[in-house]
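Peer 1: Structure supplied as coords-v5.txt; contents: compact mmCIF, C-alpha atoms and all ligand atoms.
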```txt
# COMPACT_ATOMS: atom_id res chain seq x y z
CA MET A 1 71.66 209.66 46.35
CA ASP A 2 67.94 209.12 46.65
CA TYR A 3 67.36 206.88 43.65
CA LYS A 4 63.82 205.92 44.61
CA THR A 5 62.41 209.34 43.73
CA GLN A 6 63.88 209.06 40.21
CA ILE A 7 61.83 205.98 39.38
CA ASN A 8 58.95 206.57 36.99
CA LYS A 9 55.99 204.67 38.42
CA GLU A 10 54.28 204.65 35.01
CA THR A 11 56.94 202.61 33.24
CA LEU A 12 57.95 200.06 35.86
CA PRO A 13 59.20 196.74 34.54
CA GLN A 14 56.37 194.29 35.05
CA HIS A 15 58.73 191.36 35.55
CA ILE A 16 62.28 191.47 36.93
CA ALA A 17 64.48 188.37 36.95
CA ILE A 18 67.70 188.21 38.96
CA ILE A 19 70.76 185.96 38.79
CA MET A 20 71.90 186.38 42.39
CA ASP A 21 75.59 185.70 42.02
CA GLY A 22 78.72 186.39 44.06
CA THR A 23 77.72 185.17 47.51
CA GLY A 24 80.69 182.81 47.82
CA ARG A 25 83.20 185.45 46.69
CA TRP A 26 81.71 187.96 49.12
CA ALA A 27 82.44 185.58 52.00
CA LEU A 28 85.91 184.67 50.78
CA GLN A 29 86.83 188.35 50.50
CA GLN A 30 86.22 188.58 54.22
CA ASN A 31 88.00 185.34 55.02
CA LYS A 32 84.69 183.74 55.92
CA ASP A 33 83.24 180.42 54.91
CA ARG A 34 81.26 180.52 51.63
CA LEU A 35 78.15 179.65 53.61
CA GLU A 36 78.31 182.96 55.46
CA GLY A 37 77.75 184.56 52.06
CA HIS A 38 74.66 182.44 51.50
CA TYR A 39 73.27 183.44 54.92
CA LYS A 40 73.79 187.11 54.13
CA GLY A 41 72.34 186.47 50.67
CA VAL A 42 69.07 185.31 52.20
CA GLN A 43 68.70 188.60 54.10
CA VAL A 44 69.18 190.43 50.84
CA VAL A 45 66.50 188.29 49.17
CA ARG A 46 64.11 189.24 51.93
CA ASN A 47 64.84 192.94 51.45
CA ILE A 48 64.55 192.82 47.65
CA VAL A 49 61.24 190.93 47.84
CA GLU A 50 59.91 193.64 50.15
CA THR A 51 61.29 196.43 48.01
CA ALA A 52 59.84 194.92 44.82
CA GLY A 53 56.45 194.54 46.50
CA GLU A 54 56.46 198.12 47.76
CA LEU A 55 57.34 199.45 44.31
CA GLY A 56 54.48 197.53 42.73
CA ILE A 57 56.54 195.11 40.64
CA LYS A 58 54.21 192.29 39.58
CA TYR A 59 56.68 189.42 39.03
CA LEU A 60 60.09 188.79 40.55
CA THR A 61 61.99 185.68 39.45
CA LEU A 62 65.05 184.69 41.46
CA TYR A 63 67.68 182.18 40.33
CA VAL A 64 68.19 180.32 43.59
CA PHE A 65 69.87 177.08 42.53
CA SER A 66 70.76 175.86 39.06
CA MET A 67 70.79 172.32 37.76
CA GLU A 68 74.55 172.74 37.37
CA ASN A 69 74.86 173.71 41.04
CA TRP A 70 74.18 170.06 41.96
CA SER A 71 77.84 169.47 41.01
CA ARG A 72 79.13 171.62 43.88
CA PRO A 73 80.73 169.94 46.91
CA SER A 74 78.02 168.04 48.77
CA THR A 75 78.65 170.02 51.97
CA GLU A 76 77.69 173.23 50.18
CA VAL A 77 74.69 171.62 48.43
CA ASN A 78 73.40 170.17 51.71
CA ALA A 79 73.86 173.45 53.55
CA LEU A 80 71.97 175.29 50.80
CA MET A 81 69.11 172.78 50.99
CA SER A 82 68.72 173.19 54.73
CA LEU A 83 68.98 176.95 54.37
CA LEU A 84 66.09 176.82 51.91
CA VAL A 85 63.91 174.88 54.34
CA LYS A 86 64.75 177.12 57.28
CA THR A 87 64.21 180.28 55.32
CA LEU A 88 60.82 179.29 53.98
CA GLU A 89 59.73 178.19 57.47
CA LYS A 90 60.73 181.56 58.82
CA GLU A 91 59.39 183.73 56.02
CA ILE A 92 56.14 182.05 54.98
CA GLU A 93 54.11 184.26 57.35
CA MET A 94 55.78 187.36 55.96
CA LEU A 95 54.88 186.25 52.43
CA GLN A 96 51.27 185.71 53.47
CA GLN A 97 51.00 189.05 55.23
CA ASN A 98 52.42 190.83 52.23
CA ASN A 99 50.06 189.07 49.83
CA VAL A 100 52.99 187.45 47.98
CA ARG A 101 52.29 184.43 45.78
CA LEU A 102 55.14 181.91 45.73
CA ARG A 103 55.77 179.91 42.56
CA LEU A 104 58.43 177.38 41.67
CA ILE A 105 60.12 176.50 38.42
CA GLY A 106 62.78 173.84 37.91
CA ASN A 107 63.26 170.12 38.31
CA LEU A 108 61.85 169.72 41.82
CA ASP A 109 62.15 165.93 41.68
CA ARG A 110 65.87 166.26 42.25
CA LEU A 111 65.35 168.08 45.55
CA PRO A 112 65.41 166.14 48.82
CA SER A 113 61.77 165.20 49.46
CA ALA A 114 61.53 167.36 52.59
CA VAL A 115 62.58 170.42 50.61
CA LYS A 116 60.28 169.62 47.71
CA GLU A 117 57.27 169.05 49.97
CA GLN A 118 57.84 172.20 51.95
CA MET A 119 58.32 174.32 48.85
CA GLN A 120 55.16 172.94 47.27
CA ALA A 121 53.25 173.51 50.50
CA GLY A 122 54.39 177.14 50.42
CA GLU A 123 53.23 177.42 46.83
CA ALA A 124 49.80 175.98 47.71
CA GLN A 125 49.45 178.11 50.83
CA THR A 126 50.07 181.36 48.96
CA SER A 127 48.26 180.43 45.74
CA LYS A 128 45.35 182.81 46.38
CA ASN A 129 47.55 185.85 47.01
CA ASP A 130 47.35 188.44 44.27
CA GLY A 131 50.22 190.77 45.14
CA LEU A 132 53.80 190.24 44.02
CA GLN A 133 54.40 186.88 42.32
CA LEU A 134 57.71 185.54 43.59
CA VAL A 135 59.04 182.88 41.24
CA LEU A 136 61.92 180.79 42.57
CA ALA A 137 64.06 178.93 40.05
CA LEU A 138 65.22 175.88 41.95
CA SER A 139 67.19 173.02 40.45
CA TYR A 140 66.53 174.92 37.26
CA SER A 141 67.95 174.50 33.75
CA ALA A 142 66.52 176.51 30.87
CA ARG A 143 67.62 173.91 28.33
CA GLU A 144 65.92 171.16 30.27
CA GLU A 145 62.77 173.28 30.52
CA ILE A 146 62.79 173.68 26.72
CA VAL A 147 63.32 169.95 26.17
CA GLN A 148 60.44 169.20 28.54
CA ALA A 149 58.23 171.60 26.62
CA ALA A 150 59.13 169.85 23.35
CA LYS A 151 58.14 166.51 24.90
CA THR A 152 54.82 167.94 26.10
CA ILE A 153 54.04 169.23 22.61
CA VAL A 154 54.97 165.93 20.95
CA GLN A 155 52.71 164.11 23.40
CA GLN A 156 49.82 166.45 22.59
CA VAL A 157 50.31 165.78 18.88
CA GLN A 158 50.52 162.01 19.46
CA ASP A 159 47.32 162.13 21.51
CA GLY A 160 45.60 163.97 18.68
CA LYS A 161 45.08 167.10 20.78
CA MET A 162 47.13 169.29 18.48
CA GLU A 163 48.29 169.28 14.88
CA ILE A 164 51.88 169.98 13.86
CA LYS A 165 50.75 172.97 11.82
CA ASP A 166 49.27 174.53 14.99
CA ILE A 167 52.59 174.58 16.87
CA ASP A 168 53.66 178.20 17.20
CA GLU A 169 55.57 180.36 19.67
CA SER A 170 52.57 180.92 21.86
CA ARG A 171 51.70 177.20 22.10
CA PHE A 172 55.33 176.40 22.80
CA ALA A 173 55.54 179.04 25.54
CA SER A 174 52.42 177.48 27.10
CA ALA A 175 54.32 174.23 27.51
CA LEU A 176 57.09 175.90 29.53
CA ALA A 177 57.14 176.07 33.32
CA THR A 178 56.62 179.82 33.04
CA LYS A 179 53.30 179.59 31.19
CA ASP A 180 51.02 182.48 32.24
CA ILE A 181 54.04 184.46 33.50
CA PRO A 182 55.02 187.32 31.16
CA ASP A 183 58.60 187.41 29.90
CA PRO A 184 61.06 189.37 32.07
CA ASP A 185 61.42 193.01 31.06
CA LEU A 186 64.64 193.34 33.00
CA LEU A 187 67.25 190.70 33.83
CA ILE A 188 69.82 191.62 36.47
CA ARG A 189 73.01 189.68 37.18
CA THR A 190 75.21 190.63 40.11
CA SER A 191 78.91 189.89 40.69
CA GLY A 192 80.29 191.09 37.35
CA GLU A 193 79.94 187.81 35.45
CA LEU A 194 78.72 188.47 31.92
CA ARG A 195 76.77 185.30 31.21
CA ILE A 196 73.31 183.79 31.50
CA SER A 197 74.26 180.42 33.05
CA ASN A 198 71.33 178.49 31.60
CA PHE A 199 68.63 180.79 33.02
CA LEU A 200 65.33 181.49 31.20
CA LEU A 201 66.80 181.17 27.70
CA TRP A 202 63.47 181.26 25.92
CA GLN A 203 61.92 183.98 28.06
CA ILE A 204 64.73 186.55 27.85
CA ALA A 205 64.64 186.82 24.04
CA TYR A 206 63.85 190.54 24.36
CA SER A 207 64.67 191.31 28.00
CA GLU A 208 66.88 194.25 28.88
CA LEU A 209 70.08 192.97 30.49
CA TYR A 210 71.72 194.73 33.42
CA PHE A 211 75.05 193.58 34.82
CA THR A 212 76.56 195.01 37.98
CA GLU A 213 79.87 194.35 39.73
CA CYS A 214 78.03 194.43 43.06
CA LEU A 215 78.14 191.04 44.82
CA TRP A 216 74.70 189.71 45.79
CA PRO A 217 75.17 190.11 49.59
CA ASP A 218 75.90 193.82 48.97
CA PHE A 219 72.89 194.30 46.69
CA SER A 220 70.68 196.88 48.41
CA SER A 221 67.36 198.58 47.66
CA GLU A 222 69.41 201.47 46.26
CA GLU A 223 71.20 199.11 43.84
CA PHE A 224 67.82 197.71 42.84
CA TYR A 225 66.41 201.20 42.21
CA LYS A 226 69.53 202.02 40.18
CA SER A 227 68.94 199.04 37.89
CA ILE A 228 65.31 200.09 37.34
CA ILE A 229 66.32 203.68 36.53
CA ASN A 230 68.90 202.36 34.08
CA TYR A 231 66.20 200.20 32.48
CA GLN A 232 63.81 203.15 32.22
CA ARG A 233 66.38 205.20 30.30
CA ARG A 234 66.56 202.63 27.52
CA GLU A 235 64.53 202.54 24.34
CA ARG A 236 62.98 199.15 23.70
CA ARG A 237 62.53 199.03 19.96
CA PHE A 238 61.72 195.35 19.37
CA GLY A 239 63.21 195.59 15.91
CA LYS A 240 61.47 198.81 14.90
CA ILE A 241 63.06 202.23 14.49
CA SER A 242 62.68 205.03 17.06
CA LYS A 243 60.18 207.04 14.99
CA GLN A 244 57.73 204.14 14.94
CA LEU A 245 57.46 203.87 18.71
C1 LIG B 1 75.24 182.34 43.77
O1 LIG B 1 76.44 182.66 44.39
C2 LIG B 1 74.36 181.51 44.68
C3 LIG B 1 74.23 180.11 44.27
C4 LIG B 1 74.66 179.59 43.15
C5 LIG B 1 73.57 179.22 45.21
P1 LIG B 1 77.68 181.70 44.26
O2 LIG B 1 77.60 180.66 45.30
O3 LIG B 1 77.80 181.23 42.86
O4 LIG B 1 78.87 182.70 44.61
P2 LIG B 1 80.21 182.88 43.80
O5 LIG B 1 79.84 183.12 42.38
O6 LIG B 1 81.00 181.62 43.97
O7 LIG B 1 80.86 184.07 44.43
C1 LIG B 2 74.17 180.92 38.54
O1 LIG B 2 75.33 181.19 39.28
C2 LIG B 2 73.18 180.20 39.39
C3 LIG B 2 72.61 180.95 40.51
C4 LIG B 2 72.82 182.20 40.78
C5 LIG B 2 71.69 180.21 41.33
P1 LIG B 2 76.60 180.23 39.21
O2 LIG B 2 77.64 180.85 40.05
O3 LIG B 2 76.23 178.85 39.50
O4 LIG B 2 76.97 180.32 37.65
P2 LIG B 2 78.39 180.17 36.93
O5 LIG B 2 78.96 178.86 37.37
O6 LIG B 2 79.21 181.33 37.36
O7 LIG B 2 78.03 180.23 35.49
MG MG B 3 78.59 182.07 41.21
```
Just dump the structure as structure tokens.
Peer 2:
Amino acid sequence: MDYKTQINKETLPQHIAIIMDGTGRWALQQNKDRLEGHYKGVQVVRNIVETAGELGIKYLTLYVFSMENWSRPSTEVNALMSLLVKTLEKEIEMLQQNNVRLRLIGNLDRLPSAVKEQMQAGEAQTSKNDGLQLVLALSYSAREEIVQAAKTIVQQVQDGKMEIKDIDESRFASALATKDIPDPDLLIRTSGELRISNFLLWQIAYSELYFTECLWPDFSSEEFYKSIINYQRRERRFGKISKQL
């Protein structure tokens, strides 16, 4: 099937967010170490970043590592941290050449300093690029992000920069890590799990959700196109009725 030709270029989702799940299970199914799944997963990230850029998607947010993932066995956590460093080292030129702007959300202070520094250097280095914005959620917890935003707002009120009556959704959203990034239109989760796992809770209020059984290391451009076609067949009513749209 050639799914790409079925995509309507006029109604592309502006922002796609992905919960890249199932890399460990993919490896175990083949009697391999879980890490082999993560290595394959990185190749898939590379391909999906390229595919998204080619299609003209403006924002791609990837759930790379959750706050809860810190509780995994330390061997897996350490291996993932070094994989992050190696991957960014290897791919930073590709990001530059493709005009990709790298952005980070999450509690970076919990990352080993080498990882944090390198990630932030990548963010600075690509900050002028105006092609695809690649947002990596690293050491990320949506609830923590919301609590942080509440603290920021309280501080602004205490400092006399804002009045309580002026707090509204838009001001609150501006205190989140995703300020100036539009909400995801489409949220994809691979591996068949039907949950959000503390990802972008505020931002996905009206996102279209797409769940696929496909494990992340098997997620191809074709699977990506399929999710976009599925999204384009839906009617986003935002509370209205069809006739009003
Ligand atoms: C998601 O895949 C990647 C990370 C959380 C780093 P998993 O590692 O959760 O893979 P499964 O869900 O155990 O198969
Ligand atoms: C969510 O996957 C986090 C990432 C994909 C980075 P998990 O595998 O950690 O989530 P749960 O444990 O199944 O909810
Ligand atoms: Mg998982």
Peer 1: Taking all atoms listed in the file into account, name the residue in A:Val154, A:Leu138, A:Met119, A:Ala27 that is nearest to A:Ser66.
Peer 2: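 Looking at the shortest contact to A:Ser66, the residue is A:Leu138.
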Peer 1: List the neighbours of stretch 225-236 of chain A out to 9 Å using only C-alpha atoms; skip same-chain residues closer than 4 positions along the sequence, and give me the result as number ranges by chain.
Peer 2: A: 3-4, 6-8, 11-13, 185-186, 188, 206, 208-212, 220-221, 240, 242, 245
Peer 1: Could you please extract the residues within 12 Å of ligand LIG 2 (chain B), counting all atoms listed in the file, and hand them back as an NGL selection string?
Peer 2: :A and (17-25 or 38 or 41 or 61-72 or 77 or 80 or 106 or 136-142 or 188-200 or 215-216)
Peer 1: Return the single residue from A:Lys86, A:Arg103, A:Lys9, A:Arg237 that is closest to A:Lys179, with distances computed using all atoms listed in the file.
Peer 2: A:Arg103
Peer 1: Separation of atom CA of A:Gln125 and atom CA of A:Thr87, in Å?
Peer 2: 15.6 Å
Peer 1: Just want the 9 Å neighbourhood of A:Asn98, counted on all atoms listed in the file, with same-chain residues fewer than 2 positions away dropped. Output as a list in words.
Peer 2: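 Selected residues are Glu50, Gly53, Glu93, Met94, Leu95, Gln96, Val100, Asn129, Gly131 and Leu132 of chain A.
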Peer 1: As an exercise, work out the distance from atom CA of A:Ala205 to atom CA of A:Lys58 in Å and give it to one decimal place.
Peer 2: 19.5 Å
Peer 1: Restricting the calculation to only C-alpha atoms and all ligand atoms: of A:Ser113, A:Gln29, A:Ser170, A:Gln155, which residue gets closest to ligand LIG 1 (chain B)?
Peer 2: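 The closest residue to ligand LIG 1 (chain B) is A:Gln29.
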Peer 1: Padding 5 Å on every side, please: axis-aligned box over the listed atoms of stretch 61-72 of chain A, centre and edge lengths to one decimal in Å, as lines of an AutoDock Vina configuration file.
Peer 2:
```
center_x = 70.6
center_y = 177.6
center_z = 40.6
size_x = 27.1
size_y = 26.2
size_z = 16.5
```
Peer 1: I need the residue nearest ligand LIG 1 (chain B) from this list: A:Met81, A:Leu201, A:Leu187, A:Ile153. Use all atoms listed in the file for the distance.
Peer 2: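 Among the listed residues, A:Met81 lies closest to ligand LIG 1 (chain B).
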Peer 1: Report, in Å to a single decimal, how far apart atom CA of A:Lys40 and atom CA of A:Glu117 are.
Peer 2: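 Between atom CA of A:Glu117 and atom CA of A:Lys40 the gap is 24.8 Å.
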Peer 1: Just checking: using all atoms listed in the file, which residue out of A:Ala114, A:Lys32, A:Leu88, A:Asp168 ends up closest to A:Val45?
Peer 2: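 Smallest separation from A:Val45 among the options: A:Leu88.
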Peer 1: Which residues are close to A:Asp183, i.e. within 8 Å by only C-alpha atoms, leaving aside same-chain residues fewer than 5 positions away? Reply as a PyMOL selection string.
Peer 2: chain A and resi 15+203-204+207
Peer 1: Please, could you write that set of residues out with C-alpha atoms as a compact mmCIF listing (two decimals), in the coordinates of the input?
Peer 2:
```
# COMPACT_ATOMS: atom_id res chain seq x y z
CA HIS A 15 58.73 191.36 35.55
CA GLN A 203 61.92 183.98 28.06
CA ILE A 204 64.73 186.55 27.85
CA SER A 207 64.67 191.31 28.00
```
Peer 1: Of the candidates A:Gly122, A:Glu10, A:Trp26, A:Asn47, which one gets nearest to ligand MG 3 (chain B) if we count all atoms listed in the file?
Peer 2: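 The answer is A:Trp26, which sits nearest to ligand MG 3 (chain B).
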Peer 1: Would you mind writing stretch 199-214 of chain A with N, CA, C and O atoms, as an mmCIF file, in the coordinates of the input?
Peer 2:
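Result went into out.cif, see below:
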```cif
data_model
loop_
_atom_site.group_PDB
_atom_site.id
_atom_site.type_symbol
_atom_site.label_atom_id
_atom_site.label_comp_id
_atom_site.auth_asym_id
_atom_site.auth_seq_id
_atom_site.Cartn_x
_atom_site.Cartn_y
_atom_site.Cartn_z
ATOM 1 N N PHE A 199 69.820 180.238 32.346
ATOM 2 C CA PHE A 199 68.630 180.790 33.020
ATOM 3 C C PHE A 199 67.649 181.316 31.964
ATOM 4 O O PHE A 199 68.044 182.080 31.072
ATOM 5 N N LEU A 200 66.410 180.917 32.000
ATOM 6 C CA LEU A 200 65.330 181.490 31.200
ATOM 7 C C LEU A 200 65.683 181.813 29.740
ATOM 8 O O LEU A 200 65.370 182.895 29.241
ATOM 9 N N LEU A 201 66.305 180.864 29.054
ATOM 10 C CA LEU A 201 66.800 181.170 27.700
ATOM 11 C C LEU A 201 65.704 181.590 26.733
ATOM 12 O O LEU A 201 65.875 182.504 25.935
ATOM 13 N N TRP A 202 64.578 180.929 26.819
ATOM 14 C CA TRP A 202 63.470 181.260 25.920
ATOM 15 C C TRP A 202 62.887 182.633 26.288
ATOM 16 O O TRP A 202 62.653 183.480 25.420
ATOM 17 N N GLN A 203 62.687 182.825 27.568
ATOM 18 C CA GLN A 203 61.920 183.980 28.060
ATOM 19 C C GLN A 203 62.661 185.299 27.935
ATOM 20 O O GLN A 203 62.044 186.362 27.953
ATOM 21 N N ILE A 204 63.995 185.278 27.855
ATOM 22 C CA ILE A 204 64.730 186.550 27.850
ATOM 23 C C ILE A 204 65.064 187.030 26.434
ATOM 24 O O ILE A 204 65.904 187.915 26.251
ATOM 25 N N ALA A 205 64.361 186.460 25.441
ATOM 26 C CA ALA A 205 64.640 186.820 24.040
ATOM 27 C C ALA A 205 64.729 188.342 23.857
ATOM 28 O O ALA A 205 65.569 188.833 23.117
ATOM 29 N N TYR A 206 63.843 189.089 24.517
ATOM 30 C CA TYR A 206 63.850 190.540 24.360
ATOM 31 C C TYR A 206 63.952 191.292 25.692
ATOM 32 O O TYR A 206 63.558 192.459 25.789
ATOM 33 N N SER A 207 64.497 190.638 26.704
ATOM 34 C CA SER A 207 64.670 191.310 28.000
ATOM 35 C C SER A 207 65.826 192.304 27.921
ATOM 36 O O SER A 207 66.775 192.085 27.172
ATOM 37 N N GLU A 208 65.750 193.340 28.724
ATOM 38 C CA GLU A 208 66.880 194.250 28.880
ATOM 39 C C GLU A 208 67.827 193.645 29.922
ATOM 40 O O GLU A 208 67.391 193.217 30.996
ATOM 41 N N LEU A 209 69.108 193.603 29.591
ATOM 42 C CA LEU A 209 70.080 192.970 30.490
ATOM 43 C C LEU A 209 70.835 194.041 31.278
ATOM 44 O O LEU A 209 71.231 195.062 30.731
ATOM 45 N N TYR A 210 71.001 193.782 32.556
ATOM 46 C CA TYR A 210 71.720 194.730 33.420
ATOM 47 C C TYR A 210 72.726 193.953 34.262
ATOM 48 O O TYR A 210 72.359 193.071 35.030
ATOM 49 N N PHE A 211 73.994 194.266 34.065
ATOM 50 C CA PHE A 211 75.050 193.580 34.820
ATOM 51 C C PHE A 211 75.687 194.575 35.784
ATOM 52 O O PHE A 211 75.956 195.721 35.415
ATOM 53 N N THR A 212 75.883 194.147 37.008
ATOM 54 C CA THR A 212 76.560 195.010 37.980
ATOM 55 C C THR A 212 77.664 194.230 38.687
ATOM 56 O O THR A 212 77.544 193.017 38.905
ATOM 57 N N GLU A 213 78.734 194.944 39.017
ATOM 58 C CA GLU A 213 79.870 194.350 39.730
ATOM 59 C C GLU A 213 79.484 193.981 41.171
ATOM 60 O O GLU A 213 80.135 193.167 41.812
ATOM 61 N N CYS A 214 78.460 194.629 41.677
ATOM 62 C CA CYS A 214 78.030 194.430 43.060
ATOM 63 C C CYS A 214 77.806 192.940 43.346
ATOM 64 O O CYS A 214 77.138 192.248 42.581
#
```
